[in-house]
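So this one's final_7.cif, mmCIF, C-alpha atoms:
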```
data_final
#
loop_
_atom_site.label_atom_id
_atom_site.label_comp_id
_atom_site.auth_asym_id
_atom_site.auth_seq_id
_atom_site.Cartn_x
_atom_site.Cartn_y
_atom_site.Cartn_z
CA MET A 1500 18.68 -149.47 -10.71
CA THR A 1501 22.05 -150.99 -9.94
CA ALA A 1502 25.40 -150.38 -11.53
CA THR A 1503 24.73 -153.26 -13.95
CA SER A 1504 21.24 -152.12 -14.97
CA THR A 1505 20.81 -151.26 -18.65
CA ASN A 1506 17.19 -150.07 -18.47
CA PRO A 1507 16.83 -146.68 -16.78
CA LEU A 1508 13.14 -147.27 -16.13
CA VAL A 1509 13.59 -150.47 -14.16
CA SER A 1510 15.04 -150.59 -10.67
CA ALA A 1511 16.63 -153.65 -9.15
CA ALA A 1512 17.78 -151.92 -5.99
CA ALA A 1513 16.74 -153.75 -2.85
CA PRO A 1514 15.88 -151.81 0.28
CA SER A 1515 18.64 -151.59 2.85
CA THR A 1516 18.36 -154.01 5.75
CA ALA A 1517 20.72 -152.02 7.98
CA ALA A 1518 19.23 -150.75 11.22
CA PRO A 1519 18.60 -147.00 11.19
CA PRO A 1520 20.66 -144.78 13.47
CA VAL A 1521 19.55 -144.06 17.01
CA SER A 1522 16.99 -141.25 17.48
CA ASP A 1523 15.34 -141.79 14.11
CA LEU A 1524 13.49 -138.52 13.59
CA ALA A 1525 12.22 -139.66 10.21
CA ALA A 1526 10.30 -142.55 11.74
CA LEU A 1527 8.64 -140.14 14.16
CA THR A 1528 7.65 -137.52 11.59
CA ARG A 1529 6.86 -139.41 8.37
CA PRO A 1530 3.22 -140.09 9.34
CA ASP A 1531 2.65 -136.31 9.44
CA PHE A 1532 3.60 -135.84 5.76
CA PRO A 1533 0.95 -137.25 3.44
CA LEU A 1534 2.79 -136.35 0.23
CA LEU A 1535 5.64 -138.69 1.14
CA GLU A 1536 3.28 -141.66 1.08
CA GLN A 1537 3.04 -141.51 -2.72
CA ILE A 1538 4.09 -144.34 -4.98
CA ALA A 1539 6.04 -143.13 -8.00
CA CYS A 1540 6.13 -144.63 -11.46
CA LEU A 1541 6.57 -148.38 -11.83
CA GLY A 1542 5.51 -148.91 -8.23
CA GLN A 1543 8.59 -147.38 -6.65
CA PRO A 1544 8.18 -145.45 -3.39
CA LEU A 1545 8.65 -141.72 -3.94
CA ILE A 1546 11.94 -140.38 -2.54
CA TYR A 1547 12.01 -136.61 -2.12
CA LEU A 1548 15.53 -135.18 -1.91
CA ASP A 1549 14.89 -131.56 -2.89
CA TYR A 1550 14.43 -129.87 0.49
CA ALA A 1551 16.81 -127.04 -0.36
CA ALA A 1552 14.32 -125.98 -3.04
CA THR A 1553 11.19 -126.39 -0.92
CA SER A 1554 10.07 -128.42 2.07
CA GLN A 1555 7.10 -130.71 2.33
CA LYS A 1556 4.20 -129.71 4.59
CA PRO A 1557 2.95 -131.65 7.61
CA ARG A 1558 -0.75 -132.24 8.13
CA GLN A 1559 -0.69 -129.73 11.01
CA VAL A 1560 0.05 -126.96 8.49
CA LEU A 1561 -2.60 -128.21 6.07
CA GLU A 1562 -5.12 -128.30 8.92
CA ALA A 1563 -4.24 -124.75 9.98
CA LEU A 1564 -4.91 -123.52 6.44
CA GLN A 1565 -8.21 -125.40 6.33
CA GLN A 1566 -9.20 -123.99 9.73
CA TYR A 1567 -8.54 -120.42 8.63
CA TYR A 1568 -10.33 -120.62 5.29
CA GLY A 1569 -13.14 -122.81 6.60
CA HIS A 1570 -13.78 -121.08 9.92
CA ASP A 1571 -12.00 -117.72 10.38
CA ASN A 1572 -11.68 -116.24 6.88
CA ALA A 1573 -11.78 -112.43 7.06
CA ASN A 1574 -9.49 -109.47 6.47
CA VAL A 1575 -7.25 -108.48 9.34
CA HIS A 1576 -6.86 -105.27 11.35
CA ARG A 1577 -9.85 -103.58 9.70
CA GLY A 1578 -13.05 -105.13 10.96
CA ALA A 1579 -14.83 -105.07 14.30
CA HIS A 1580 -16.69 -108.33 13.72
CA GLN A 1581 -15.71 -111.64 15.27
CA LEU A 1582 -14.27 -113.22 12.13
CA SER A 1583 -11.89 -110.31 11.60
CA ALA A 1584 -10.93 -110.35 15.27
CA ARG A 1585 -10.10 -114.07 15.15
CA ALA A 1586 -8.19 -113.73 11.88
CA THR A 1587 -6.21 -110.80 13.27
CA ASP A 1588 -5.37 -112.69 16.46
CA HIS A 1589 -4.07 -115.70 14.51
CA PHE A 1590 -2.19 -113.53 12.01
CA GLU A 1591 -0.40 -111.53 14.68
CA ALA A 1592 0.24 -114.68 16.71
CA ALA A 1593 2.15 -115.99 13.69
CA ARG A 1594 4.29 -112.85 13.72
CA GLN A 1595 5.14 -113.47 17.37
CA LYS A 1596 6.03 -117.08 16.55
CA VAL A 1597 8.54 -115.87 13.96
CA ALA A 1598 10.04 -113.46 16.50
CA ASP A 1599 10.36 -116.26 19.06
CA PHE A 1600 11.81 -118.66 16.48
CA ILE A 1601 14.74 -116.37 15.67
CA GLY A 1602 15.19 -114.74 19.08
CA ALA A 1603 13.97 -111.28 18.06
CA ALA A 1604 13.39 -108.72 20.80
CA SER A 1605 9.89 -107.88 19.60
CA ALA A 1606 7.30 -108.88 17.02
CA ARG A 1607 7.50 -105.25 15.85
CA GLU A 1608 10.79 -106.24 14.22
CA ILE A 1609 9.12 -108.86 11.98
CA VAL A 1610 7.88 -107.64 8.59
CA PHE A 1611 5.86 -110.12 6.54
CA THR A 1612 6.80 -110.31 2.86
CA ARG A 1613 5.93 -112.62 -0.04
CA ASN A 1614 9.27 -114.39 0.24
CA ALA A 1615 12.89 -113.85 1.21
CA SER A 1616 13.64 -112.30 -2.18
CA GLU A 1617 11.11 -109.56 -1.51
CA ALA A 1618 12.57 -109.06 1.96
CA ILE A 1619 16.04 -108.41 0.49
CA ASN A 1620 14.53 -106.12 -2.13
CA LEU A 1621 12.76 -104.23 0.67
CA VAL A 1622 16.09 -103.52 2.38
CA ALA A 1623 17.75 -102.57 -0.91
CA ARG A 1624 14.92 -100.23 -1.91
CA SER A 1625 14.17 -98.71 1.47
CA TRP A 1626 17.41 -98.69 3.46
CA GLY A 1627 19.68 -98.76 0.41
CA ASP A 1628 18.06 -95.92 -1.52
CA ALA A 1629 17.95 -93.76 1.60
CA ASN A 1630 21.50 -94.40 2.80
CA LEU A 1631 23.84 -95.27 -0.06
CA LYS A 1632 25.49 -92.95 -2.56
CA ALA A 1633 28.08 -93.18 -5.31
CA GLY A 1634 31.30 -94.71 -4.03
CA ASP A 1635 29.74 -96.51 -1.06
CA GLU A 1636 30.29 -100.27 -1.11
CA VAL A 1637 28.16 -103.36 -0.55
CA LEU A 1638 30.15 -106.53 0.13
CA LEU A 1639 28.67 -109.85 -1.01
CA SER A 1640 30.22 -113.22 -1.91
CA VAL A 1641 30.48 -115.32 -5.06
CA MET A 1642 28.35 -118.04 -3.45
CA GLU A 1643 25.22 -115.88 -3.11
CA HIS A 1644 21.81 -116.89 -4.40
CA HIS A 1645 20.61 -114.63 -7.19
CA SER A 1646 18.16 -113.11 -4.72
CA ASN A 1647 21.13 -111.71 -2.81
CA LEU A 1648 22.88 -110.46 -5.95
CA VAL A 1649 20.31 -108.91 -8.28
CA PRO A 1650 18.66 -106.48 -5.80
CA TRP A 1651 22.10 -105.00 -5.03
CA GLN A 1652 22.94 -104.78 -8.73
CA LEU A 1653 19.75 -102.78 -9.21
CA LEU A 1654 20.67 -100.61 -6.22
CA ALA A 1655 24.13 -99.98 -7.69
CA ALA A 1656 22.53 -98.89 -10.96
CA ARG A 1657 20.28 -96.45 -9.09
CA THR A 1658 22.79 -95.00 -6.65
CA GLY A 1659 26.25 -95.55 -8.05
CA CYS A 1660 27.31 -97.67 -5.09
CA VAL A 1661 29.95 -100.33 -5.74
CA LEU A 1662 29.51 -104.08 -5.30
CA ARG A 1663 32.41 -106.22 -4.10
CA HIS A 1664 32.49 -110.00 -3.70
CA ALA A 1665 34.42 -112.18 -1.28
CA GLY A 1666 35.66 -115.46 -2.72
CA VAL A 1667 35.65 -119.07 -1.55
CA THR A 1668 38.46 -121.28 -0.31
CA GLU A 1669 39.71 -124.46 -1.93
CA THR A 1670 37.39 -126.45 0.35
CA GLY A 1671 34.37 -124.41 -0.75
CA GLU A 1672 33.98 -122.21 2.31
CA LEU A 1673 33.81 -118.45 2.70
CA ASP A 1674 37.27 -116.92 2.27
CA LEU A 1675 37.42 -114.80 5.42
CA ALA A 1676 40.85 -113.43 4.54
CA ASP A 1677 39.48 -112.15 1.25
CA LEU A 1678 36.44 -110.71 3.01
CA ARG A 1679 38.67 -108.87 5.49
CA ALA A 1680 40.79 -107.50 2.67
CA LYS A 1681 37.73 -106.14 0.87
CA LEU A 1682 36.20 -104.49 3.93
CA SER A 1683 36.95 -100.79 4.30
CA GLU A 1684 35.48 -97.57 5.60
CA ARG A 1685 33.59 -97.40 2.30
CA THR A 1686 31.71 -100.62 3.12
CA LYS A 1687 28.19 -99.79 4.28
CA LEU A 1688 26.59 -103.23 4.15
CA VAL A 1689 27.73 -106.86 4.15
CA SER A 1690 25.03 -109.20 2.83
CA LEU A 1691 25.75 -112.92 2.94
CA VAL A 1692 24.03 -116.26 2.86
CA HIS A 1693 24.16 -118.08 6.20
CA VAL A 1694 24.27 -121.50 4.54
CA SER A 1695 25.03 -121.92 0.84
CA ASN A 1696 22.37 -123.78 -1.12
CA THR A 1697 25.09 -125.16 -3.43
CA LEU A 1698 28.25 -125.54 -1.33
CA GLY A 1699 26.37 -126.43 1.85
CA CYS A 1700 28.92 -124.48 3.91
CA LEU A 1701 27.90 -122.70 7.11
CA ASN A 1702 29.33 -119.19 7.13
CA PRO A 1703 30.73 -117.80 10.41
CA MET A 1704 28.25 -114.97 10.78
CA ALA A 1705 29.18 -113.84 14.28
CA GLU A 1706 32.75 -113.31 13.10
CA VAL A 1707 31.57 -111.57 9.93
CA ALA A 1708 29.27 -109.35 12.01
CA ALA A 1709 32.19 -108.26 14.20
CA LEU A 1710 34.27 -107.47 11.12
CA ALA A 1711 31.44 -105.56 9.46
CA HIS A 1712 30.58 -103.57 12.55
CA GLY A 1713 34.26 -102.81 13.02
CA VAL A 1714 34.20 -100.66 9.89
CA GLY A 1715 30.75 -99.23 10.61
CA ALA A 1716 28.87 -101.50 8.18
CA LEU A 1717 25.61 -103.37 8.72
CA LEU A 1718 25.11 -107.10 8.21
CA LEU A 1719 22.21 -108.74 6.36
CA VAL A 1720 21.89 -112.52 6.69
CA ASP A 1721 20.05 -114.66 4.14
CA ALA A 1722 18.98 -117.47 6.47
CA CYS A 1723 16.72 -119.42 4.10
CA GLN A 1724 18.93 -122.52 4.16
CA SER A 1725 19.81 -122.44 7.85
CA LEU A 1726 16.48 -121.70 9.55
CA PRO A 1727 14.86 -125.08 8.70
CA HIS A 1728 17.83 -127.12 9.86
CA LYS A 1729 19.47 -125.64 12.95
CA PRO A 1730 18.84 -123.12 15.73
CA VAL A 1731 19.27 -119.53 14.53
CA ASP A 1732 19.37 -116.57 16.91
CA VAL A 1733 19.69 -113.06 15.51
CA VAL A 1734 21.39 -111.77 18.66
CA ALA A 1735 24.03 -114.51 18.60
CA LEU A 1736 24.62 -113.90 14.89
CA GLY A 1737 25.12 -110.19 15.45
CA ALA A 1738 22.94 -109.44 12.44
CA ASP A 1739 21.20 -106.17 11.62
CA PHE A 1740 18.80 -107.69 9.08
CA LEU A 1741 17.79 -111.33 8.50
CA VAL A 1742 15.46 -112.84 5.92
CA GLY A 1743 13.62 -116.15 5.82
CA SER A 1744 11.10 -118.02 3.70
CA SER A 1745 8.06 -119.98 4.87
CA HIS A 1746 8.09 -122.65 2.17
CA LYS A 1747 11.51 -123.88 3.26
CA LEU A 1748 10.25 -124.09 6.87
CA CYS A 1749 7.46 -126.63 6.21
CA GLY A 1750 5.06 -123.71 5.69
CA PRO A 1751 3.08 -122.43 2.70
CA THR A 1752 4.54 -120.71 -0.33
CA GLY A 1753 4.01 -117.00 -0.92
CA MET A 1754 5.16 -116.00 2.57
CA GLY A 1755 8.47 -114.80 3.95
CA PHE A 1756 9.77 -112.30 6.44
CA LEU A 1757 12.31 -109.64 7.15
CA TRP A 1758 13.73 -109.15 10.61
CA GLY A 1759 15.48 -105.88 11.26
CA ARG A 1760 16.70 -104.08 14.34
CA GLU A 1761 13.84 -101.82 15.43
CA ALA A 1762 15.83 -98.59 15.24
CA LEU A 1763 16.81 -99.37 11.65
CA LEU A 1764 13.25 -100.19 10.61
CA GLU A 1765 11.93 -97.06 12.30
CA ALA A 1766 14.32 -94.90 10.28
CA MET A 1767 13.57 -96.58 6.93
CA PRO A 1768 10.91 -95.16 4.57
CA PRO A 1769 8.05 -97.38 3.35
CA PHE A 1770 8.72 -99.85 0.57
CA LEU A 1771 5.22 -99.86 -0.96
CA GLY A 1772 2.26 -97.53 -0.58
CA GLY A 1773 -1.43 -98.32 -0.17
CA GLY A 1774 -3.85 -99.54 2.41
CA GLU A 1775 -2.79 -100.88 5.80
CA MET A 1776 0.60 -99.15 5.85
CA ILE A 1777 -0.89 -95.71 6.57
CA GLN A 1778 -1.94 -93.80 9.67
CA ASP A 1779 -3.72 -90.86 8.01
CA VAL A 1780 -4.27 -90.11 4.33
CA TYR A 1781 -5.04 -86.70 2.85
CA LEU A 1782 -5.31 -85.74 -0.79
CA ASP A 1783 -1.79 -84.35 -0.88
CA HIS A 1784 0.10 -86.28 1.81
CA SER A 1785 -0.02 -89.23 4.20
CA SER A 1786 1.52 -90.44 7.44
CA TRP A 1787 2.67 -93.97 8.13
CA ALA A 1788 1.50 -96.70 10.45
CA ASP A 1789 3.70 -97.98 13.25
CA LEU A 1790 6.04 -100.92 12.80
CA PRO A 1791 5.78 -103.39 11.30
CA HIS A 1792 2.70 -102.36 9.32
CA LYS A 1793 4.51 -99.45 7.70
CA PHE A 1794 6.06 -102.01 5.35
CA GLU A 1795 2.97 -104.17 4.72
CA ALA A 1796 0.84 -102.41 2.11
CA GLY A 1797 -2.48 -103.97 1.12
CA THR A 1798 -4.20 -107.15 2.20
CA PRO A 1799 -1.51 -109.56 3.46
CA ALA A 1800 -1.19 -113.29 2.88
CA ILE A 1801 -3.24 -114.09 5.96
CA GLY A 1802 -3.72 -117.81 5.54
CA GLU A 1803 -0.08 -118.25 4.53
CA ALA A 1804 1.12 -116.41 7.64
CA ILE A 1805 -1.07 -118.57 9.86
CA GLY A 1806 0.21 -121.66 8.07
CA MET A 1807 3.78 -120.54 8.62
CA GLY A 1808 3.01 -120.09 12.31
CA ALA A 1809 1.74 -123.67 12.47
CA ALA A 1810 4.92 -124.85 10.72
CA LEU A 1811 7.10 -123.05 13.25
CA ASP A 1812 5.11 -124.66 16.07
CA TYR A 1813 5.79 -128.03 14.47
CA LEU A 1814 9.53 -127.39 14.19
CA GLN A 1815 9.76 -126.00 17.70
CA ASN A 1816 7.98 -129.05 19.09
CA LEU A 1817 10.49 -131.32 17.37
CA GLY A 1818 13.39 -129.18 18.57
CA MET A 1819 15.85 -127.51 16.22
CA GLU A 1820 18.85 -129.03 17.98
CA ARG A 1821 17.30 -132.45 17.53
CA ILE A 1822 16.64 -131.78 13.84
CA HIS A 1823 20.22 -130.61 13.36
CA ALA A 1824 21.70 -133.65 15.09
CA TRP A 1825 19.59 -136.09 13.03
CA GLU A 1826 20.46 -134.34 9.77
CA GLN A 1827 24.16 -134.43 10.64
CA GLN A 1828 23.91 -138.22 10.75
CA LEU A 1829 22.14 -138.24 7.40
CA THR A 1830 24.72 -135.90 5.86
CA ARG A 1831 27.60 -138.15 6.83
CA ARG A 1832 25.81 -141.10 5.26
CA LEU A 1833 25.06 -139.11 2.09
CA PHE A 1834 28.71 -138.13 1.65
CA GLN A 1835 29.97 -141.64 2.38
CA ARG A 1836 27.72 -143.07 -0.31
CA LEU A 1837 28.48 -140.39 -2.90
CA GLN A 1838 32.24 -140.45 -2.28
CA ALA A 1839 32.25 -144.17 -3.03
CA ILE A 1840 30.88 -143.61 -6.56
CA GLU A 1841 33.58 -143.22 -9.20
CA GLY A 1842 33.54 -139.89 -11.03
CA VAL A 1843 31.33 -137.98 -8.61
CA ARG A 1844 32.70 -134.55 -7.63
CA ILE A 1845 30.96 -132.88 -4.67
CA LEU A 1846 31.15 -129.13 -4.19
CA GLY A 1847 31.76 -127.62 -0.77
CA PRO A 1848 33.32 -128.88 2.46
CA THR A 1849 32.93 -132.46 3.60
CA PRO A 1850 31.34 -133.25 6.99
CA GLU A 1851 34.86 -133.91 8.27
CA GLN A 1852 36.00 -130.46 7.16
CA GLN A 1853 32.89 -128.72 8.47
CA PRO A 1854 30.66 -130.88 10.72
CA ASP A 1855 27.91 -128.22 10.79
CA ARG A 1856 27.62 -128.05 7.02
CA ALA A 1857 24.18 -128.36 5.42
CA ALA A 1858 22.43 -131.64 4.69
CA LEU A 1859 22.88 -131.40 0.93
CA ALA A 1860 25.36 -132.34 -1.76
CA ALA A 1861 25.67 -130.57 -5.11
CA PHE A 1862 27.75 -132.73 -7.42
CA SER A 1863 28.89 -133.20 -10.98
CA VAL A 1864 29.91 -136.29 -12.92
CA GLU A 1865 32.56 -135.85 -15.57
CA GLY A 1866 31.16 -136.18 -19.08
CA LEU A 1867 27.50 -136.30 -17.98
CA HIS A 1868 24.86 -133.58 -17.88
CA ALA A 1869 23.20 -132.93 -14.54
CA ASN A 1870 19.77 -132.74 -16.18
CA ASP A 1871 20.16 -136.21 -17.65
CA ILE A 1872 21.10 -137.60 -14.25
CA ALA A 1873 18.10 -135.96 -12.58
CA ALA A 1874 15.68 -137.08 -15.31
CA LEU A 1875 16.69 -140.74 -15.06
CA LEU A 1876 16.59 -140.65 -11.27
CA ASP A 1877 13.09 -139.20 -11.48
CA SER A 1878 12.03 -142.12 -13.65
CA ALA A 1879 13.03 -144.32 -10.69
CA GLY A 1880 11.02 -142.18 -8.25
CA VAL A 1881 13.96 -140.21 -6.83
CA CYS A 1882 13.42 -136.44 -6.85
CA ILE A 1883 16.59 -134.33 -6.89
CA ARG A 1884 17.44 -130.91 -8.35
CA SER A 1885 19.60 -130.14 -11.37
CA GLY A 1886 20.79 -126.85 -12.84
CA HIS A 1887 22.60 -123.83 -11.45
CA HIS A 1888 20.44 -123.57 -8.28
CA CYS A 1889 20.23 -119.78 -8.71
CA THR A 1890 24.00 -119.55 -8.19
CA GLN A 1891 25.29 -119.00 -11.72
CA PRO A 1892 28.37 -116.96 -10.67
CA LEU A 1893 29.42 -119.72 -8.27
CA HIS A 1894 29.05 -122.39 -10.93
CA ARG A 1895 31.13 -120.26 -13.32
CA HIS A 1896 33.78 -120.06 -10.61
CA TYR A 1897 33.99 -123.87 -10.71
CA GLY A 1898 33.79 -124.01 -14.51
CA LEU A 1899 30.43 -125.78 -14.41
CA ALA A 1900 27.19 -125.03 -16.24
CA GLY A 1901 25.23 -126.82 -13.53
CA THR A 1902 25.22 -129.56 -10.94
CA ALA A 1903 22.88 -132.20 -9.60
CA ARG A 1904 21.86 -131.68 -5.98
CA ALA A 1905 20.44 -134.01 -3.36
CA SER A 1906 19.17 -132.15 -0.31
CA LEU A 1907 17.80 -133.79 2.81
CA GLY A 1908 15.26 -133.00 5.48
CA PHE A 1909 14.45 -134.49 8.85
CA THR A 1910 11.92 -136.83 7.20
CA THR A 1911 14.67 -138.38 5.05
CA THR A 1912 15.55 -141.95 5.98
CA PRO A 1913 18.96 -143.62 5.77
CA GLU A 1914 17.39 -146.21 3.46
CA GLU A 1915 16.35 -143.46 1.05
CA ILE A 1916 19.93 -142.22 0.91
CA ASP A 1917 21.13 -145.74 0.18
CA ARG A 1918 18.58 -146.22 -2.58
CA PHE A 1919 19.43 -142.83 -4.08
CA ALA A 1920 23.12 -143.78 -4.19
CA GLU A 1921 22.34 -147.14 -5.79
CA GLU A 1922 20.09 -145.52 -8.38
CA LEU A 1923 22.70 -142.84 -9.08
CA GLU A 1924 25.43 -145.41 -9.62
CA GLY A 1925 23.20 -147.29 -12.03
CA THR A 1926 22.23 -144.07 -13.81
CA ILE A 1927 25.87 -143.11 -14.30
CA GLY A 1928 26.63 -146.55 -15.70
CA PHE A 1929 23.67 -146.42 -18.06
CA LEU A 1930 24.49 -142.93 -19.35
CA ARG A 1931 28.13 -143.78 -19.93
CA GLU A 1932 27.22 -146.99 -21.70
CA HIS A 1933 24.83 -145.16 -24.02
CA SER A 1934 26.78 -141.95 -24.55
#
```

Please rewrite the model in this file as structure tokens.
Amino acid sequence: MTATSTNPLVSAAAPSTAAPPVSDLAALTRPDFPLLEQIACLGQPLIYLDYAATSQKPRQVLEALQQYYGHDNANVHRGAHQLSARATDHFEAARQKVADFIGAASAREIVFTRNASEAINLVARSWGDANLKAGDEVLLSVMEHHSNLVPWQLLAARTGCVLRHAGVTETGELDLADLRAKLSERTKLVSLVHVSNTLGCLNPMAEVAALAHGVGALLLVDACQSLPHKPVDVVALGADFLVGSSHKLCGPTGMGFLWGREALLEAMPPFLGGGEMIQDVYLDHSSWADLPHKFEAGTPAIGEAIGMGAALDYLQNLGMERIHAWEQQLTRRLFQRLQAIEGVRILGPTPEQQPDRAALAAFSVEGLHANDIAALLDSAGVCIRSGHHCTQPLHRHYGLAGTARASLGFTTTPEEIDRFAEELEGTIGFLREHS
């Protein structure tokens, strides 16, 4: 729809005729993503701009899942037969791929979990319960995803530890001065998002790590929004723990991971009890398996791990630096188009203020509800997110109940950004006309 459209179900937007930027990664990768070939309602091509919520999956990942379930399906680590041996080899190869992807010293430092939320809960339950007491402090920020808030709230209720929260600057970046002021000898852990799923800001983790370690605290990094879009190295970050999620990395859902420094993981008690995580079991006591299996009770998500390994292969073959550079071009285009629309307020730093910011824009339009905007865009075949994006405290900080959010991936084309902006402008005009 255009700015003059009065029917939200009819689009008059013409495709852009501008030549795409150099090094068009979307043109190279689109054939690998069958879902993106869909035609939406009224014959419009589907435009998927919700990568911060979940990524789409290339055929290489789908084929890896089919190969496992159709050819190698068996439980891992427990059987002597050939199917179990093949499944175990592929499962553990996926663990090594994760270690390589983030620069870990050893695959022993990679614990498979259901998702990043479970990985944070594992640290809170295992390390937190064993090490924190009343009066100790955990330092977070107001921009955190609920998954990096609620587990620490539960820990505080159990142990009496105190939660503190660093603020954000006027440009929507981490307020380092506030973080420094709230660090003290009582701080035992700093747990922060690497890239905000709402503000899009990239937090300076190496600097935060130095500050945290300077007072004897550990650093946990929620890297869900950075891992799919740029190179991430745990050594360079200075992290002690890092969590990630497969489904944001072009891999299957139901799979995530925790990386922790080996000495820390060795000292931590198990998170869950059951099969696989034991060495010996007696009627009255048990001993634990070596890392990382000590933290992986029961039958794991074998196919999902193998699928995640295939996704990491895919990303590595493209090159994370290449992905980041392409998405930087797309982000500049996204902001240019949104900033030209009257009434649109974008949260977080602009690409000029922070060139390495994420390829997303959470925005509000005065007088309009984000859900109405998203619903009308969906009727035109444009998929964006609306709501609080699991960052309710951050939205309260800005006095907003929710925002609309367009988030990009390396398969996004410049023409899709242009059509989204045209549809958004028409949607705003329609809603204002009929409000």

*Do you know which residues the PyMOL selection byres ((chain A and resi 1665) around 9) returns on this file, as number ranges by chain?*
A: 1638-1642, 1663-1664, 1666-1667, 1673-1681

Restricting the output to C-alpha atoms, write the selected residues as a PDB file, keeping the file's coordinate frame.
```pdb
ATOM      1  CA  LEU A1638      30.150-106.530   0.130  1.00  0.00           C
ATOM      2  CA  LEU A1639      28.670-109.850  -1.010  1.00  0.00           C
ATOM      3  CA  SER A1640      30.220-113.220  -1.910  1.00  0.00           C
ATOM      4  CA  VAL A1641      30.480-115.320  -5.060  1.00  0.00           C
ATOM      5  CA  MET A1642      28.350-118.040  -3.450  1.00  0.00           C
ATOM      6  CA  ARG A1663      32.410-106.220  -4.100  1.00  0.00           C
ATOM      7  CA  HIS A1664      32.490-110.000  -3.700  1.00  0.00           C
ATOM      8  CA  GLY A1666      35.660-115.460  -2.720  1.00  0.00           C
ATOM      9  CA  VAL A1667      35.650-119.070  -1.550  1.00  0.00           C
ATOM     10  CA  LEU A1673      33.810-118.450   2.700  1.00  0.00           C
ATOM     11  CA  ASP A1674      37.270-116.920   2.270  1.00  0.00           C
ATOM     12  CA  LEU A1675      37.420-114.800   5.420  1.00  0.00           C
ATOM     13  CA  ALA A1676      40.850-113.430   4.540  1.00  0.00           C
ATOM     14  CA  ASP A1677      39.480-112.150   1.250  1.00  0.00           C
ATOM     15  CA  LEU A1678      36.440-110.710   3.010  1.00  0.00           C
ATOM     16  CA  ARG A1679      38.670-108.870   5.490  1.00  0.00           C
ATOM     17  CA  ALA A1680      40.790-107.500   2.670  1.00  0.00           C
ATOM     18  CA  LYS A1681      37.730-106.140   0.870  1.00  0.00           C
TER      19      LYS A1681
END
```

*Tell me, as JSON, numbers by chain, which residues lie within 6 Å of region 1819-1830 of chain A, counting all atoms listed in the file; anything in the same chain fewer than 2 positions away does not count.*
{"A": [1728, 1729, 1730, 1832, 1833, 1858]}

*Between CA of Thr1658 (chain A) and CA of Arg1624 (chain A), what is the distance, to one decimal in Å?*
10.6 Å

*Decode the PyMOL selection byres ((chain A and resi 1706-1708) around 9) for the given file into explicit residues and return them as a PyMOL selection string.*
chain A and resi 1675+1678-1679+1689+1702-1705+1709-1713+1716-1718+1736-1739

*Could you tell me which residues the PyMOL selection byres ((chain A and resi 1865-1870) around 6) grabs in this file, written as a PyMOL selection string?*
chain A and resi 1864+1871-1873+1885+1902-1903

_Straight-line distance linking CA of Cys1660 (chain A) with CA of Ala1623 (chain A), stated in Å to one decimal_ =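 Distance between the two atoms: 11.5 Å.
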
*asked:* Would you compute the distance between CA of Gln1891 (chain A) and CA of His1644 (chain A)? Give it in Å to one decimal.
replied: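 We find that CA of Gln1891 (chain A) and CA of His1644 (chain A) lie 8.4 Å from each other.
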
First collect every listed atom of region 1897-1906 of chain A; then fit an axis-aligned box around them, widen it by 5 Å on each side, and give centre and edge lengths in Å to one decimal, as AutoDock Vina command-line options.
```
--center_x 26.6 --center_y -128.9 --center_z -8.3 --size_x 24.8 --size_y 20.1 --size_z 25.9
```

_I need the residue nearest Asp1531 (chain A) from this list: A:Val1637, A:Leu1561, A:Leu1811, A:Leu1764. Use only C-alpha atoms for the distance._
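Closest to Asp1531 (chain A), using only C-alpha atoms: A:Leu1561.
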
*For each of A:Asp1721, A:Asp1635, A:Glu1591, A:Asp1571, take the minimum atom-to-atom distance to Ser1616 (chain A), counting all atoms listed in the file, then give the residue where this is smallest.*
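Residue with the minimum atom-to-atom distance to Ser1616 (chain A): A:Asp1721.
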
_Counting all atoms listed in the file, which residue out of A:Lys1687, A:His1576, A:Arg1558, A:Arg1884 sits closest to Val1661 (chain A)?_
A:Lys1687

Quick one: contact table of region 1606-1693 of chain A to region 1843-1851 of chain A, 8 Å max, nearest atom pair and distance in Å to one decimal per residue, counting all atoms listed in the file, chain and number order, as JSON lines?
```
{"residue": "A:Thr1670", "atom": "CA", "partner": "A:Pro1848", "partner_atom": "CA", "distance": 5.2}
{"residue": "A:Gly1671", "atom": "CA", "partner": "A:Gly1847", "partner_atom": "CA", "distance": 4.1}
{"residue": "A:Glu1672", "atom": "CA", "partner": "A:Gly1847", "partner_atom": "CA", "distance": 6.6}
```

Would you put the residues from that selection into a file with C-alpha atoms, as an mmCIF file, in the coordinates of the input?
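Listing of selection_32.cif after writing:
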```cif
data_model
loop_
_atom_site.group_PDB
_atom_site.id
_atom_site.type_symbol
_atom_site.label_atom_id
_atom_site.label_comp_id
_atom_site.auth_asym_id
_atom_site.auth_seq_id
_atom_site.Cartn_x
_atom_site.Cartn_y
_atom_site.Cartn_z
ATOM 1 C CA THR A 1670 37.390 -126.450 0.350
ATOM 2 C CA GLY A 1671 34.370 -124.410 -0.750
ATOM 3 C CA GLU A 1672 33.980 -122.210 2.310
#
```

So which residues touch Gln1778 (chain A) within 10 Å, counting all atoms listed in the file, skipping near sequence neighbours fewer than 5 positions away, as a JSON list (two decimals) with C-alpha atoms, in the coordinates of the input?
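And here's part-v1.json as it stands now:
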```json
[["chain", "number", "residue", "atom", "x", "y", "z"],
["A", 1785, "SER", "CA", -0.02, -89.23, 4.20],
["A", 1786, "SER", "CA", 1.52, -90.44, 7.44],
["A", 1787, "TRP", "CA", 2.67, -93.97, 8.13],
["A", 1788, "ALA", "CA", 1.50, -96.70, 10.45],
["A", 1789, "ASP", "CA", 3.70, -97.98, 13.25],
["A", 1792, "HIS", "CA", 2.70, -102.36, 9.32],
["A", 1793, "LYS", "CA", 4.51, -99.45, 7.70]]
```
